[in-house]
file run.cif (mmCIF, C-alpha atoms)
data_target
loop_
_atom_site.label_atom_id
_atom_site.label_comp_id
_atom_site.auth_asym_id
_atom_site.auth_seq_id
_atom_site.Cartn_x
_atom_site.Cartn_y
_atom_site.Cartn_z
CA MET A 1 -1.45 15.44 59.43
CA ILE A 2 2.33 15.62 59.07
CA ARG A 3 1.93 15.38 55.30
CA TYR A 4 -0.37 18.39 55.19
CA SER A 5 2.01 20.41 57.35
CA PHE A 6 4.18 20.88 54.26
CA PHE A 7 1.70 23.48 53.01
CA SER A 8 2.02 25.59 56.14
CA PHE A 9 5.79 25.40 55.60
CA LEU A 10 5.28 27.06 52.17
CA SER A 11 3.15 29.77 53.77
CA GLY A 12 5.86 30.47 56.37
CA LEU A 13 8.51 30.62 53.67
CA LEU A 14 6.57 33.19 51.59
CA PHE A 15 5.74 35.15 54.77
CA ALA A 16 9.45 35.50 55.59
CA LEU A 17 10.32 36.56 52.04
CA GLY A 18 7.56 39.20 52.21
CA LEU A 19 8.90 40.51 55.51
CA SER A 20 12.42 40.90 54.14
CA VAL A 21 11.31 42.44 50.80
CA SER A 22 9.11 44.94 52.64
CA GLY A 23 11.96 46.10 54.90
CA MET A 24 10.26 44.95 58.12
CA THR A 25 13.35 42.92 59.07
CA GLU A 26 15.14 46.26 59.58
CA PRO A 27 14.16 47.44 63.09
CA GLY A 28 15.10 51.00 62.11
CA LYS A 29 12.29 51.10 59.52
CA VAL A 30 9.72 50.02 62.11
CA ILE A 31 10.95 52.61 64.63
CA GLY A 32 10.99 55.12 61.75
CA PHE A 33 7.26 54.48 61.24
CA LEU A 34 6.51 54.88 64.95
CA ASN A 35 8.59 58.08 64.93
CA ILE A 36 5.60 60.14 63.82
CA THR A 37 6.52 63.50 65.35
CA ARG A 38 10.00 63.73 63.81
CA SER A 39 11.21 62.32 60.47
CA TRP A 40 8.48 59.80 59.66
CA ASP A 41 9.04 56.68 57.53
CA PRO A 42 5.66 55.69 56.03
CA SER A 43 6.89 52.27 54.73
CA LEU A 44 4.79 50.30 57.22
CA VAL A 45 1.59 51.92 55.93
CA PHE A 46 2.30 50.42 52.51
CA VAL A 47 3.27 47.04 53.98
CA MET A 48 0.15 46.84 56.15
CA GLY A 49 -2.05 48.31 53.42
CA GLY A 50 -0.82 45.82 50.81
CA ALA A 51 -1.13 42.89 53.22
CA VAL A 52 -4.58 43.82 54.58
CA ILE A 53 -6.14 44.49 51.16
CA THR A 54 -4.70 41.25 49.72
CA TYR A 55 -5.90 39.24 52.73
CA PHE A 56 -9.33 40.92 52.69
CA ILE A 57 -9.93 39.92 49.05
CA LEU A 58 -8.49 36.39 49.30
CA PHE A 59 -10.19 35.64 52.65
CA ARG A 60 -13.62 36.38 51.14
CA LEU A 61 -12.90 33.96 48.27
CA ILE A 62 -11.51 31.25 50.58
CA HIS A 63 -14.33 31.53 53.09
CA LYS A 64 -16.91 30.65 50.41
CA ARG A 65 -15.66 27.07 50.76
CA SER A 66 -17.13 24.96 53.56
CA ALA A 67 -13.69 23.81 54.75
CA PRO A 68 -9.99 24.46 54.10
CA LEU A 69 -8.14 22.21 51.63
CA PHE A 70 -6.15 20.21 54.19
CA ALA A 71 -8.01 20.53 57.50
CA LEU A 72 -11.48 19.63 58.73
CA GLN A 73 -12.65 23.16 59.49
CA PHE A 74 -11.72 26.83 59.52
CA SER A 75 -10.45 28.03 62.92
CA ILE A 76 -11.45 31.67 62.99
CA PRO A 77 -11.78 33.74 66.19
CA GLU A 78 -15.35 34.93 66.64
CA ARG A 79 -15.08 37.13 69.73
CA LYS A 80 -16.22 40.73 69.39
CA ASP A 81 -15.85 42.00 72.98
CA ILE A 82 -13.15 44.51 73.87
CA ASP A 83 -11.68 43.30 77.16
CA LEU A 84 -8.91 44.36 79.54
CA PRO A 85 -6.30 41.76 78.45
CA LEU A 86 -6.75 42.78 74.80
CA LEU A 87 -6.06 46.44 75.61
CA GLY A 88 -3.39 45.85 78.28
CA GLY A 89 -1.58 43.26 76.16
CA ALA A 90 -1.58 45.61 73.16
CA VAL A 91 -0.13 48.43 75.31
CA LEU A 92 2.71 46.16 76.57
CA PHE A 93 3.39 44.84 73.07
CA GLY A 94 3.50 48.39 71.67
CA ILE A 95 6.09 49.46 74.27
CA GLY A 96 8.33 46.48 73.44
CA TRP A 97 7.81 47.08 69.70
CA GLY A 98 8.78 50.74 70.08
CA ILE A 99 11.95 49.91 72.04
CA GLY A 100 13.20 47.00 69.92
CA GLY A 101 11.70 47.68 66.49
CA PHE A 102 10.87 43.98 66.29
CA CYS A 103 7.56 42.17 66.37
CA PRO A 104 7.41 38.34 66.54
CA GLY A 105 7.48 37.62 62.76
CA PRO A 106 10.56 39.65 61.79
CA ALA A 107 12.38 38.51 64.95
CA LEU A 108 11.98 34.83 64.02
CA ALA A 109 12.76 35.50 60.33
CA SER A 110 16.03 37.18 61.42
CA ILE A 111 17.35 34.28 63.52
CA PHE A 112 19.76 33.11 60.81
CA THR A 113 21.54 36.47 60.88
CA GLY A 114 23.00 35.15 64.13
CA LYS A 115 23.17 38.69 65.54
CA PRO A 116 23.33 38.69 69.36
CA ASN A 117 20.52 41.26 69.65
CA VAL A 118 18.18 39.17 67.47
CA LEU A 119 18.89 35.98 69.43
CA LEU A 120 18.48 37.79 72.74
CA PHE A 121 15.21 39.35 71.58
CA ALA A 122 13.83 36.01 70.32
CA GLY A 123 14.85 34.25 73.56
CA SER A 124 13.33 36.85 75.87
CA MET A 125 10.18 37.00 73.68
CA ILE A 126 9.72 33.23 74.09
CA LEU A 127 10.31 33.63 77.84
CA GLY A 128 7.66 36.38 77.94
CA MET A 129 5.18 34.11 76.14
CA VAL A 130 5.82 31.25 78.57
CA ILE A 131 5.39 33.62 81.54
CA ALA A 132 2.09 34.91 80.10
CA ASP A 133 0.79 31.35 79.80
CA GLN A 134 1.90 30.54 83.35
CA LEU A 135 0.13 33.63 84.72
CA ARG A 136 -3.27 32.39 83.62
CA PRO A 137 -3.69 29.39 85.98
CA LEU A 138 -2.21 31.42 88.87
CA LEU A 139 -5.23 33.68 88.86
CA SER A 140 -7.57 32.27 91.44
CA GLY A 141 -10.68 33.02 93.48
CA LYS A 142 -12.26 36.42 93.00
CA THR A 143 -9.74 37.61 90.42
CA LYS A 144 -10.33 34.60 88.24
CA HIS A 145 -14.08 34.92 88.64
CA PHE A 146 -13.89 38.61 87.71
CA LEU A 147 -11.61 37.97 84.78
CA ASN A 148 -13.81 35.17 83.52
CA GLN A 149 -16.63 37.65 82.96
CA GLY A 150 -15.22 38.10 79.48
CA PHE A 151 -12.10 39.79 80.81
CA TRP A 152 -9.71 36.92 80.31
CA LYS A 153 -9.96 33.91 78.06
CA THR A 154 -9.22 30.65 79.81
CA GLY A 155 -8.59 27.12 78.63
CA ASN A 156 -7.49 26.02 75.20
CA PRO A 157 -8.04 28.92 72.78
CA ASP A 158 -8.41 26.49 69.85
CA LYS A 159 -11.20 24.54 71.56
CA LYS A 160 -13.62 27.44 71.81
CA LEU A 161 -14.11 27.39 68.06
CA GLU A 162 -15.42 23.84 67.97
CA PRO A 163 -19.19 23.55 67.56
CA ALA A 164 -21.18 22.79 70.69
CA GLN A 165 -22.52 19.29 71.32
CA PRO A 166 -25.84 18.78 69.52
CA GLN A 167 -28.75 19.07 71.93
CA PRO A 168 -31.81 16.81 71.73
CA ALA A 169 -34.69 18.63 70.07
CA HIS A 170 -37.18 17.63 72.77
CA PRO A 171 -36.96 16.56 76.43
CA PRO A 172 -36.39 12.81 76.76
CA THR A 173 -39.57 10.82 77.23
CA ALA A 174 -40.13 8.35 80.06
CA ALA A 175 -39.59 5.45 77.66
CA GLU A 176 -36.14 6.81 76.67
CA LEU A 177 -35.14 7.16 80.28
CA MET B 1 20.20 57.20 64.48
CA GLU B 2 19.42 58.38 60.94
CA ILE B 3 16.18 57.76 59.09
CA LEU B 4 16.43 55.03 56.43
CA GLU B 5 15.55 55.78 52.83
CA PHE B 6 11.84 55.34 52.18
CA SER B 7 10.70 53.42 49.10
CA TRP B 8 7.04 52.51 48.69
CA LEU B 9 7.34 49.84 45.97
CA PRO B 10 9.22 47.14 47.95
CA ALA B 11 7.03 47.95 50.96
CA LEU B 12 3.84 47.38 48.94
CA ALA B 13 5.23 44.29 47.15
CA GLY B 14 6.36 42.77 50.45
CA GLY B 15 2.98 43.56 51.98
CA ILE B 16 1.17 41.76 49.15
CA MET B 17 3.47 38.74 49.69
CA ILE B 18 2.66 38.74 53.43
CA GLY B 19 -1.08 38.98 52.71
CA THR B 20 -0.86 36.14 50.16
CA ALA B 21 1.15 33.93 52.55
CA SER B 22 -1.43 34.54 55.30
CA ALA B 23 -4.31 33.71 52.92
CA LEU B 24 -2.55 30.49 51.85
CA LEU B 25 -2.39 29.32 55.48
CA MET B 26 -6.15 29.96 55.76
CA ALA B 27 -6.86 28.15 52.47
CA PHE B 28 -4.61 25.18 53.25
CA ASN B 29 -4.84 24.73 57.02
CA GLY B 30 -7.81 26.95 57.94
CA ARG B 31 -5.66 28.92 60.38
CA VAL B 32 -5.02 32.58 61.15
CA ALA B 33 -1.41 33.48 60.27
CA GLY B 34 -0.65 35.15 63.61
CA ILE B 35 2.99 34.58 64.47
CA SER B 36 2.58 35.08 68.23
CA GLY B 37 -0.45 32.78 68.31
CA ILE B 38 1.30 30.06 66.29
CA LEU B 39 4.47 30.22 68.43
CA GLY B 40 2.57 30.63 71.70
CA GLY B 41 0.32 27.68 70.90
CA LEU B 42 3.35 25.53 70.26
CA LEU B 43 4.96 26.60 73.55
CA SER B 44 1.90 26.05 75.72
CA ARG B 45 0.99 22.52 74.64
CA TRP B 46 1.98 19.84 72.18
CA SER B 47 -0.26 17.41 70.35
CA PRO B 48 0.21 15.65 67.01
CA ASP B 49 -2.20 18.05 65.27
CA GLN B 50 0.20 20.91 66.00
CA TRP B 51 2.62 19.95 63.24
CA TRP B 52 1.37 22.78 61.04
CA ARG B 53 2.63 25.26 63.65
CA LEU B 54 6.10 23.77 63.71
CA THR B 55 6.43 23.62 59.91
CA PHE B 56 5.06 27.16 59.48
CA LEU B 57 7.66 28.52 61.91
CA LEU B 58 10.36 26.40 60.23
CA GLY B 59 9.39 28.00 56.90
CA LEU B 60 9.50 31.45 58.49
CA VAL B 61 12.97 30.93 60.00
CA LEU B 62 14.43 29.22 56.91
CA GLY B 63 12.80 31.74 54.54
CA GLY B 64 14.41 34.52 56.56
CA GLY B 65 17.72 32.66 56.39
CA ALA B 66 17.48 32.39 52.59
CA ALA B 67 16.64 36.10 52.31
CA PHE B 68 19.62 36.94 54.54
CA TYR B 69 21.87 34.82 52.29
CA TRP B 70 20.72 36.64 49.13
CA ALA B 71 20.29 40.14 50.55
CA PRO B 72 21.99 40.65 53.93
CA GLU B 73 21.37 44.40 53.60
CA ALA B 74 17.65 43.72 54.28
CA PHE B 75 18.58 42.77 57.86
CA ILE B 76 20.63 45.83 58.85
CA ASP B 77 19.94 46.97 62.41
CA ILE B 78 20.69 50.68 62.89
CA THR B 79 19.19 50.82 66.39
CA GLU B 80 21.69 51.34 69.17
CA ASN B 81 19.94 49.22 71.79
CA GLY B 82 21.95 47.74 74.65
CA THR B 83 21.45 44.31 76.18
CA MET B 84 18.95 45.47 78.80
CA GLN B 85 16.81 47.32 76.23
CA VAL B 86 16.69 44.30 73.91
CA LEU B 87 15.86 42.00 76.83
CA ALA B 88 13.06 44.29 78.03
CA ALA B 89 11.70 44.71 74.49
CA GLY B 90 11.59 40.93 73.92
CA LEU B 91 9.90 40.24 77.27
CA LEU B 92 7.27 42.94 76.66
CA VAL B 93 6.56 41.70 73.13
CA GLY B 94 6.22 38.09 74.36
CA LEU B 95 3.99 39.00 77.31
CA GLY B 96 1.92 41.59 75.44
CA THR B 97 1.18 39.51 72.35
CA ARG B 98 0.05 36.49 74.43
CA ILE B 99 -2.06 38.52 76.87
CA GLY B 100 -3.51 40.59 74.02
CA SER B 101 -4.10 37.51 71.83
CA GLY B 102 -2.10 38.71 68.83
CA CYS B 103 0.57 40.79 67.16
CA THR B 104 1.11 42.75 63.94
CA SER B 105 0.28 39.69 61.80
CA GLY B 106 -2.64 38.14 63.71
CA HIS B 107 -4.41 41.40 64.63
CA GLY B 108 -2.87 43.84 62.13
CA VAL B 109 -3.11 41.81 58.92
CA CYS B 110 -5.46 38.83 59.38
CA GLY B 111 -7.76 40.44 61.97
CA ILE B 112 -8.27 43.75 60.18
CA GLY B 113 -8.47 41.83 56.87
CA ARG B 114 -11.47 39.94 58.32
CA LEU B 115 -12.92 43.22 59.64
CA SER B 116 -12.61 42.08 63.27
CA ILE B 117 -13.37 44.90 65.69
CA ARG B 118 -11.14 43.39 68.41
CA SER B 119 -8.18 43.31 66.04
CA LEU B 120 -8.77 46.84 64.80
CA VAL B 121 -8.85 48.15 68.39
CA ALA B 122 -5.76 46.11 69.39
CA THR B 123 -3.82 47.38 66.35
CA LEU B 124 -4.70 51.03 67.05
CA VAL B 125 -3.63 50.53 70.69
CA PHE B 126 -0.27 48.87 69.98
CA VAL B 127 0.59 51.33 67.20
CA GLY B 128 -0.33 54.22 69.52
CA SER B 129 1.61 52.72 72.40
CA GLY B 130 4.62 52.15 70.12
CA MET B 131 4.47 55.75 68.87
CA LEU B 132 4.37 57.10 72.45
CA THR B 133 7.31 54.86 73.39
CA VAL B 134 9.41 56.13 70.47
CA PHE B 135 8.36 59.71 71.25
CA PHE B 136 9.47 59.49 74.89
CA SER B 137 12.61 57.46 74.19
CA GLY B 138 13.93 60.10 71.78
CA GLY B 139 13.40 58.15 68.54
CA LEU B 140 15.03 59.12 65.27
CA GLN B 141 16.36 62.57 64.49
#
call {"tool": "encode", "arguments": {"input": "run.cif", "output": "structure tokens"}}
result
Amino acid sequence: MIRYSFFSFLSGLLFALGLSVSGMTEPGKVIGFLNITRSWDPSLVFVMGGAVITYFILFRLIHKRSAPLFALQFSIPERKDIDLPLLGGAVLFGIGWGIGGFCPGPALASIFTGKPNVLLFAGSMILGMVIADQLRPLLSGKTKHFLNQGFWKTGNPDKKLEPAQPQPAHPPTAAEL
Amino acid sequence: MEILEFSWLPALAGGIMIGTASALLMAFNGRVAGISGILGGLLSRWSPDQWWRLTFLLGLVLGGGAAFYWAPEAFIDITENGTMQVLAAGLLVGLGTRIGSGCTSGHGVCGIGRLSIRSLVATLVFVGSGMLTVFFSGGLQ
């Protein structure tokens, strides 16, 4: 497993180079894109457009295989429901993105600049993530029951993608029991 | 705050690199290249099959470091945010991406690239919310 992790290292490396080439490591360019009513910077449209189209084409080719090269199975989210956490989380993220001009990728790729604002942002982002994970088990009783109706995902998010246990095709006979 | 010069070619080239890097992670490790999901997963639990998360993030941080060494001008920050603003922004991004199950990479690139309806909705919401935030905070002149 450790051996195969080298390949995800290469992916991370190329991801960071792409972020810096595209200008997304400059918070001013991100805020410039969100600044739609004044002097708008359309850079992010080209970054997202280039990334989405490339991923769309390559994903279709990759997904023809039955499994990835160095793992047992593809782990792809299959949910289609639009729930409250998805919308609320996106609203909160958008506010933070609009204030700081940083999303998680560029913030981590900028750590070696050593700038106080980058380090502070990365630290408080990690704190926010830990708080979000701690909030989940705190929900109890009615709230938890309500949220579990597809309004909040619980448990290990990676586990939900594993196939269900195979069920016997027929009820067990008396002899089997 | 002045607007930065817009150039579409590096933006497109960088975008293609990001899309390729994300596709490589799917081809190699079968995983969605969502930065908040990869980091959040690492923070919430550790098991030996999580090594790919750690090495991906190591590549991201070191790749950024190499880019900063070659081209420090790609990391210029013209925003005039104070400590409290940066702190609030980081907290909101951390909370929001974990509660909303993704960020610009996981929802915006990989999710939309797979034609996921959840990711498309999330992306429209966080872009809209970001635009409103910049509008009300004064933004760029």
call {"tool": "resolve_selection", "arguments": {"input": "run.cif", "expression": "the PyMOL selection byres ((chain B and resi 72-75) around 9)", "output": "NGL selection string"}}
result
(:A and (20-27 or 110 or 113)) or (:B and (67-71 or 76-77))
call {"tool": "residues_around", "arguments": {"input": "run.cif", "residues": "Leu13 in chain A", "least_positions_apart": "6", "cutoff": "6 Å", "atoms": "only C-alpha atoms", "output": "JSON, numbers by chain"}}
result
{"B": [59, 60, 63]}
call {"tool": "atom_distance", "arguments": {"input": "run.cif", "atom1": "CA of Cys103 in chain A", "atom2": "CA of Ile76 in chain A"}}
result
22.0 Å
call {"tool": "resolve_selection", "arguments": {"input": "run.cif", "expression": "the PyMOL selection byres ((chain B and resi 40) around 12)", "output": "mmCIF file with C-alpha atoms, keeping the file's coordinate frame"}}
result
data_model
loop_
_atom_site.group_PDB
_atom_site.id
_atom_site.type_symbol
_atom_site.label_atom_id
_atom_site.label_comp_id
_atom_site.auth_asym_id
_atom_site.auth_seq_id
_atom_site.Cartn_x
_atom_site.Cartn_y
_atom_site.Cartn_z
ATOM 1 C CA PRO A 104 7.410 38.340 66.540
ATOM 2 C CA MET A 125 10.180 37.000 73.680
ATOM 3 C CA ILE A 126 9.720 33.230 74.090
ATOM 4 C CA LEU A 127 10.310 33.630 77.840
ATOM 5 C CA GLY A 128 7.660 36.380 77.940
ATOM 6 C CA MET A 129 5.180 34.110 76.140
ATOM 7 C CA VAL A 130 5.820 31.250 78.570
ATOM 8 C CA ILE A 131 5.390 33.620 81.540
ATOM 9 C CA ALA A 132 2.090 34.910 80.100
ATOM 10 C CA ASP A 133 0.790 31.350 79.800
ATOM 11 C CA GLN A 134 1.900 30.540 83.350
ATOM 12 C CA ASN A 156 -7.490 26.020 75.200
ATOM 13 C CA PRO A 157 -8.040 28.920 72.780
ATOM 14 C CA ASP A 158 -8.410 26.490 69.850
ATOM 15 C CA GLY B 34 -0.650 35.150 63.610
ATOM 16 C CA ILE B 35 2.990 34.580 64.470
ATOM 17 C CA SER B 36 2.580 35.080 68.230
ATOM 18 C CA GLY B 37 -0.450 32.780 68.310
ATOM 19 C CA ILE B 38 1.300 30.060 66.290
ATOM 20 C CA LEU B 39 4.470 30.220 68.430
ATOM 21 C CA GLY B 41 0.320 27.680 70.900
ATOM 22 C CA LEU B 42 3.350 25.530 70.260
ATOM 23 C CA LEU B 43 4.960 26.600 73.550
ATOM 24 C CA SER B 44 1.900 26.050 75.720
ATOM 25 C CA ARG B 45 0.990 22.520 74.640
ATOM 26 C CA TRP B 46 1.980 19.840 72.180
ATOM 27 C CA GLN B 50 0.200 20.910 66.000
ATOM 28 C CA ARG B 53 2.630 25.260 63.650
ATOM 29 C CA LEU B 54 6.100 23.770 63.710
ATOM 30 C CA LEU B 57 7.660 28.520 61.910
ATOM 31 C CA VAL B 93 6.560 41.700 73.130
ATOM 32 C CA GLY B 94 6.220 38.090 74.360
ATOM 33 C CA LEU B 95 3.990 39.000 77.310
ATOM 34 C CA GLY B 96 1.920 41.590 75.440
ATOM 35 C CA THR B 97 1.180 39.510 72.350
ATOM 36 C CA ARG B 98 0.050 36.490 74.430
ATOM 37 C CA ILE B 99 -2.060 38.520 76.870
ATOM 38 C CA GLY B 100 -3.510 40.590 74.020
ATOM 39 C CA SER B 101 -4.100 37.510 71.830
ATOM 40 C CA GLY B 102 -2.100 38.710 68.830
ATOM 41 C CA CYS B 103 0.570 40.790 67.160
#
call {"tool": "resolve_selection", "arguments": {"input": "run.cif", "expression": "the PyMOL selection byres ((chain A and resi 10) around 12)", "output": "VMD selection string"}}
result
(chain A and resid 4 to 9 11 to 17) or (chain B and resid 20 to 25 28 to 29 52 to 53 55 to 63)
call {"tool": "closest_residue", "arguments": {"input": "run.cif", "among": "A:Arg65, A:Gly18, A:Arg60, A:Pro77", "to": "chain B", "atoms": "only C-alpha atoms"}}
result
A:Gly18
call {"tool": "atom_distance", "arguments": {"input": "run.cif", "atom1": "CA of Gly28 in chain A", "atom2": "CA of Ile78 in chain B"}}
result
5.7 Å
call {"tool": "residues_near_point", "arguments": {"input": "run.cif", "point": "(3.1, 47.6, 76.1)", "cutoff": "8 Å", "atoms": "only C-alpha atoms", "output": "PyMOL selection string"}}
result
(chain A and resi 88-97) or (chain B and resi 92-93+96+126+129-130)
call {"tool": "write_last_selection", "arguments": {"input": "run.cif", "atoms": "C-alpha atoms", "output": "PDB file, in the frame of the given file"}}
result
ATOM      1  CA  GLY A  88      -3.390  45.850  78.280  1.00  0.00           C
ATOM      2  CA  GLY A  89      -1.580  43.260  76.160  1.00  0.00           C
ATOM      3  CA  ALA A  90      -1.580  45.610  73.160  1.00  0.00           C
ATOM      4  CA  VAL A  91      -0.130  48.430  75.310  1.00  0.00           C
ATOM      5  CA  LEU A  92       2.710  46.160  76.570  1.00  0.00           C
ATOM      6  CA  PHE A  93       3.390  44.840  73.070  1.00  0.00           C
ATOM      7  CA  GLY A  94       3.500  48.390  71.670  1.00  0.00           C
ATOM      8  CA  ILE A  95       6.090  49.460  74.270  1.00  0.00           C
ATOM      9  CA  GLY A  96       8.330  46.480  73.440  1.00  0.00           C
ATOM     10  CA  TRP A  97       7.810  47.080  69.700  1.00  0.00           C
TER      11      TRP A  97
ATOM     12  CA  LEU B  92       7.270  42.940  76.660  1.00  0.00           C
ATOM     13  CA  VAL B  93       6.560  41.700  73.130  1.00  0.00           C
ATOM     14  CA  GLY B  96       1.920  41.590  75.440  1.00  0.00           C
ATOM     15  CA  PHE B 126      -0.270  48.870  69.980  1.00  0.00           C
ATOM     16  CA  SER B 129       1.610  52.720  72.400  1.00  0.00           C
ATOM     17  CA  GLY B 130       4.620  52.150  70.120  1.00  0.00           C
TER      18      GLY B 130
END
